[in-house]
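Worksheet: one structure, shown below.
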There are 2 protein chains.
Amino acid sequence: MDAGVDACFTNPGTSEMHFVAGLDSVAELRAVLGLFEGVVTGAADGYGRMTGRPAATLLHLGPGLGNGLANLHNARRARTPVVNIVGDHAVTHGQYDAPLQSDIEGVAANVSGWVRRSLRTEDVAGDAAEAVAAALGPPGQVATLILPADVSWGEGAAPAPARPVGRPHTVGDDAIEAVAKALVSGEPCVLLLGGTAVRAEGLSAASRIAGASGARLLTETFPARTERGAGVPVVDRLSYLAEFTVAQLAGARHLVLVDAKAPVSFFAYPDKPSDLVPDGCRVHVLAAPGDDAPGALAHLADLVAANETPAVAEATRPDRPAGALTGETIAAAIGALLPVGAIVSDEANTAGLWLAGATAGAPRHDWLTLTGGAIGQGLPLGTGAAVACPERKVLCLEADGSAMYTIQALWTQAREGLDVTTVIFDNRSYAILNMELGRVGATREPGPKALDMLDISRPDLDFVALARGMGVDADRATTAEDFTTLLERALAEPGPHLIDAPIPKSF
Amino acid sequence: MDAGVDACFTNPGTSEMHFVAGLDSVAELRAVLGLFEGVVTGAADGYGRMTGRPAATLLHLGPGLGNGLANLHNARRARTPVVNIVGDHAVTHGQYDAPLQSDIEGVAANVSGWVRRSLRTEDVAGDAAEAVAAALGPPGQVATLILPADVSWGEGAAPAPARPVGRPHTVGDDAIEAVAKALVSGEPCVLLLGGTAVRAEGLSAASRIAGASGARLLTETFPARTERGAGVPVVDRLSYLAEFTVAQLAGARHLVLVDAKAPVSFFAYPDKPSDLVPDGCRVHVLAAPGDDAPGALAHLADLVAANETPAVAEATRPDRPAGALTGETIAAAIGALLPVGAIVSDEANTAGLWLAGATAGAPRHDWLTLTGGAIGQGLPLGTGAAVACPERKVLCLEADGSAMYTIQALWTQAREGLDVTTVIFDNRSYAILNMELGRVGATREPGPKALDMLDISRPDLDFVALARGMGVDADRATTAEDFTTLLERALAEPGPHLIDAPIPKSF
């Protein structure tokens, strides 16, 4: 794994012991242990989102890959470069159907754009180099290399050169001119930005285009990594709620996709449309995944907004909040204190409604969201981002229900001394499901057993005890003032912290 | 789900909300929430092992199934009947590749002997009935029914009758007589018992056969459910370590498989055989999975051991231990106190070496092991066993490293008030990997990075804090006397308890 990979998140077993034994021979490779594979894969996603380079994961056969699958699903949707190394039984052992044997390829295909099984020791280095190149894309993707134990322990390993890495495809003039024509048509236009278009460069060009043409800007609902804050244009995200998305897109006659998919409802609902493109609206693709979206936006801006400057967020912060602890006052505290260069891993879900507004004028920061909808992403993602960017502060904004899927990430944060502050939006509920139970049109009045499935009190989780149990400093806030003080202290001190923030149910 | 299923372990999402809304209409169905899908599937395995009937799981699309995959792998190896209900996007929504979309069938195939997607509302009840019948086998298996949201919320659902359930196949006289001939040949014979043959009935017949013929008895390494204790014949398990397995089977000229597979090494090792059947040993299949193994053993006993009585364990317990807390003194305390009718979920791994000996003469109990080798089974399995058998005490014997994969099970134990006592064999190490690192022949001296991957101290996990954080009463033992007192108290009090037992590293 000397093919340009310098971090490996691991949860190994016996079939990976030769790989583990070799870790010390690659001086530049940082090996980070997770107690659960969902931590490992989510951390690799966070690392890849922040560096643009793949981290490796080290996973133990089919069950280990299965445990890591949900966060690989999120990585797939984020188009994050990730290289999974999945150990398997020795090739000679496969015929015996030993207890841990299963169809690894079948599971890997669920999340991987590239899957290969190394069959000879002399091929391993080349296969790994190809995995790295495949992961890098563009667009980025999950690449899975299955490494049988005997291929790993065999003789004859030979180094292999790094493979050439692809570059984003330049968008042709025709596509850009077609969009320019729509923009100057006088008909209502929306630019929907995603993927690589929601970094500062793309947002600035898009803002110039909007300013000159009157087009509206939106980003996809769950962008992998958005650059935000003072000096960067503020662009609203498409709503998770289809009802609101419809309102956001109402009246558009041209929808221009910039490394984003045409909007669809996150889930389907009875008698509601899945396809959220307004009737009569024409869809244009300015840049597809793998295209140079920022370049295309810059080119387009030169055509239609040569003299326009971007409209950027002013530096402004909310006042330190007072009073009761709620989603809104927590958001204000975060807006008041967010450090420059912070990385926010956002899995606050329903409780996070006020975050975007409260932080729009904070110092420059990155915002990572739940790209694939598979909850349990936030803590691992923040862990990997902190490994990737040791000089930056990471803030994990985490719903209580989601936190519990991969709570083991706290231990890795403690072990590695990572500068991560986790805020638990603790409403003792799968609040989103309380909302969804109504939205899906379940007509009968929900009974006690149904409601019990959405309620995660009884017993209440004590996140302070859980965090301390894994070596992470933790406190519980009682008021907005108290929370603000705890957050200030957590951000000032090195190492991981957790603040449990009990809040009322949102739904 | 009124097709003979009376427990449903759930971790639902939006696409399962109609199923959730319907829970209250099925009065006899107990719905048990897990905070993580690995808890849900492991609990279904424990429930199925103890009742012989499938519990349902309720899982959220591909990522939810992925999170539950490792314990479904163990259920597959245990041949436990389990019915997964995996919600999916509405059929009409699938074309849009919404964020949570993925190939559910591909993942389900990894663990399921039966997979179906319901396509019409009127088919759901029939599909569910077929899933239950498929799960029951024999042999038992994991059956996965994928339920698109619109099929779930549609009109026209119709009840369906339960499908006929298969019965174990009666083994033919020829097979039994062939084995009888081997047994009376005077050549060394070993009967290898597994699956349904390691309950009291099969063990008694096997013991009679051994007594009359001189055959040796062994069970498979990881039986799903063994009946043990005073009054039941004691049969050693095949060793996890191939070196010891070879010694256990040395000299055998006939190996008789009774619902067990021919022995293979758990992992492969350089220059060591995977197939552990001794050279020159003939393998006979008395009963394959799905066959009536106890019946075949009884028939065989009538042929070769008509006048023999089984050699059963006498009622005997070790003294209450004194001195330092070690794997050995913990085993003695458990042997001294194991309640009649206890169910032991054993994932103590390397630290559990002394358990079998210490409990062989304890009152009758069931012993559940890690059938598929996918760690993180023990706590969920014990949780499901406790739901299945509310009148019995469950003891989870759990290695610290393994416990952390599915530690969320403690919360379900607290929520449901389950009579589960968990003992953490807390050696702060993936001890088995320390052993395996040497066994796989990694020739170089392991460096600090390699050793770091096997060490789960730094920081030490505080299991008392973790348990209390999830509402489970917990204490830490310091000496063997202290542990024994804590265990006695935990077993006497209703509800879940955890005892953290720090012990020296075994390897």
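A note on labels: chains of the structure tokens are A, B, ... as shown, every chain counts residues from 1, and ligands are counted from 1 in their shown order.
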
Note to self: If the cut-off is 6 Å, can you tell me the residues of chain A near chain B, counting only C-alpha atoms? I'd like them as number ranges by chain.
What the structure shows: A: 14, 17-18, 20-21, 23-24, 33, 36, 63, 66-67, 69-70, 98-100, 103, 106-107, 110, 266, 372-373, 405, 415, 436-437, 442, 446-447, 449-450, 453, 458-459, 461-462, 465-466, 469-471

Note to self: So that I can see what lies close to Val232 (chain B), please list as a PyMOL selection string the residues with an atom at most 12 Å from it, counting only C-alpha atoms and leaving out residues fewer than 2 positions away in the same chain.
What the structure shows: chain B and resi 198-208+226-230+234-235+309-315+359-366

Item checked: Distance query region 161-173 of chain A at most 10 Å, only C-alpha atoms, self and fewer than 3 positions along chain excluded, as a ChimeraX atom specification -> /A:2-4,125-139,158,176-179,286-297,299-300

Expected file contents, prior selection, C-alpha atoms, as a compact mmCIF listing (two decimals), in the first residue's frame:
# COMPACT_ATOMS: atom_id res chain seq x y z
CA ASP A 2 2.75 2.44 -0.89
CA ALA A 3 0.71 3.56 -3.90
CA GLY A 4 -0.09 6.96 -2.51
CA ALA A 125 1.07 -4.37 -5.58
CA GLY A 126 -0.26 -3.80 -9.07
CA ASP A 127 -3.81 -4.58 -8.00
CA ALA A 128 -3.46 -2.15 -5.11
CA ALA A 129 -2.15 0.54 -7.44
CA GLU A 130 -5.11 -0.03 -9.73
CA ALA A 131 -7.48 0.11 -6.77
CA VAL A 132 -6.06 3.49 -5.82
CA ALA A 133 -6.42 4.80 -9.36
CA ALA A 134 -9.94 3.42 -9.62
CA ALA A 135 -10.89 5.02 -6.29
CA LEU A 136 -9.60 8.39 -7.44
CA GLY A 137 -11.73 8.33 -10.59
CA PRO A 138 -12.84 10.97 -11.38
CA PRO A 139 -15.41 10.83 -10.02
CA ALA A 158 7.00 -7.10 -6.34
CA ILE A 176 -21.75 25.53 -21.76
CA GLU A 177 -23.23 27.61 -24.57
CA ALA A 178 -26.54 25.77 -24.38
CA VAL A 179 -26.79 26.65 -20.69
CA LEU A 286 -23.71 21.47 -17.35
CA ALA A 287 -21.39 19.04 -15.61
CA ALA A 288 -21.84 15.37 -14.81
CA PRO A 289 -19.91 13.56 -12.09
CA GLY A 290 -16.29 13.32 -13.21
CA ASP A 291 -16.54 16.53 -15.21
CA ASP A 292 -14.62 19.65 -14.22
CA ALA A 293 -17.64 21.37 -12.69
CA PRO A 294 -15.78 24.37 -11.23
CA GLY A 295 -14.09 24.89 -14.60
CA ALA A 296 -17.41 24.71 -16.41
CA LEU A 297 -18.93 27.23 -14.01
CA HIS A 299 -16.26 29.30 -18.20
CA LEU A 300 -20.00 29.92 -18.03

Next item on the list: Extract the full set of helix (DSSP H, G or I) residues from region 80-259 of chain A according to DSSP on the backbone, and format it as a ChimeraX atom specification.
Entry: /A:91-96,104-108,121-136,149-153,173-183,195-198,200-213,242-249

Next item on the list: Name the residues of region 172-403 of chain B that come out as strand (DSSP E) in a backbone DSSP run; write them as a VMD selection string.
Entry: chain B and resid 189 to 193 216 to 219 226 to 228 254 to 258 282 to 287 343 to 347 365 to 368 394 to 399

Item checked: CA of Ala43 (chain A) to CA of Asp500 (chain A), straight-line distance in Å -> 21.9 Å

Checklist line | Residue contacts of region 331-342 of chain A (9 Å, only C-alpha atoms) excluding same-chain residues fewer than 6 positions away, as a VMD selection string | finding: chain A and resid 316 to 321 352 to 367 391 to 395 480 to 481 483 to 484 487 to 488 491

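Of note, CA of Met50 (chain B) and CA of Ser118 (chain B) are spaced 28.9 Å apart.
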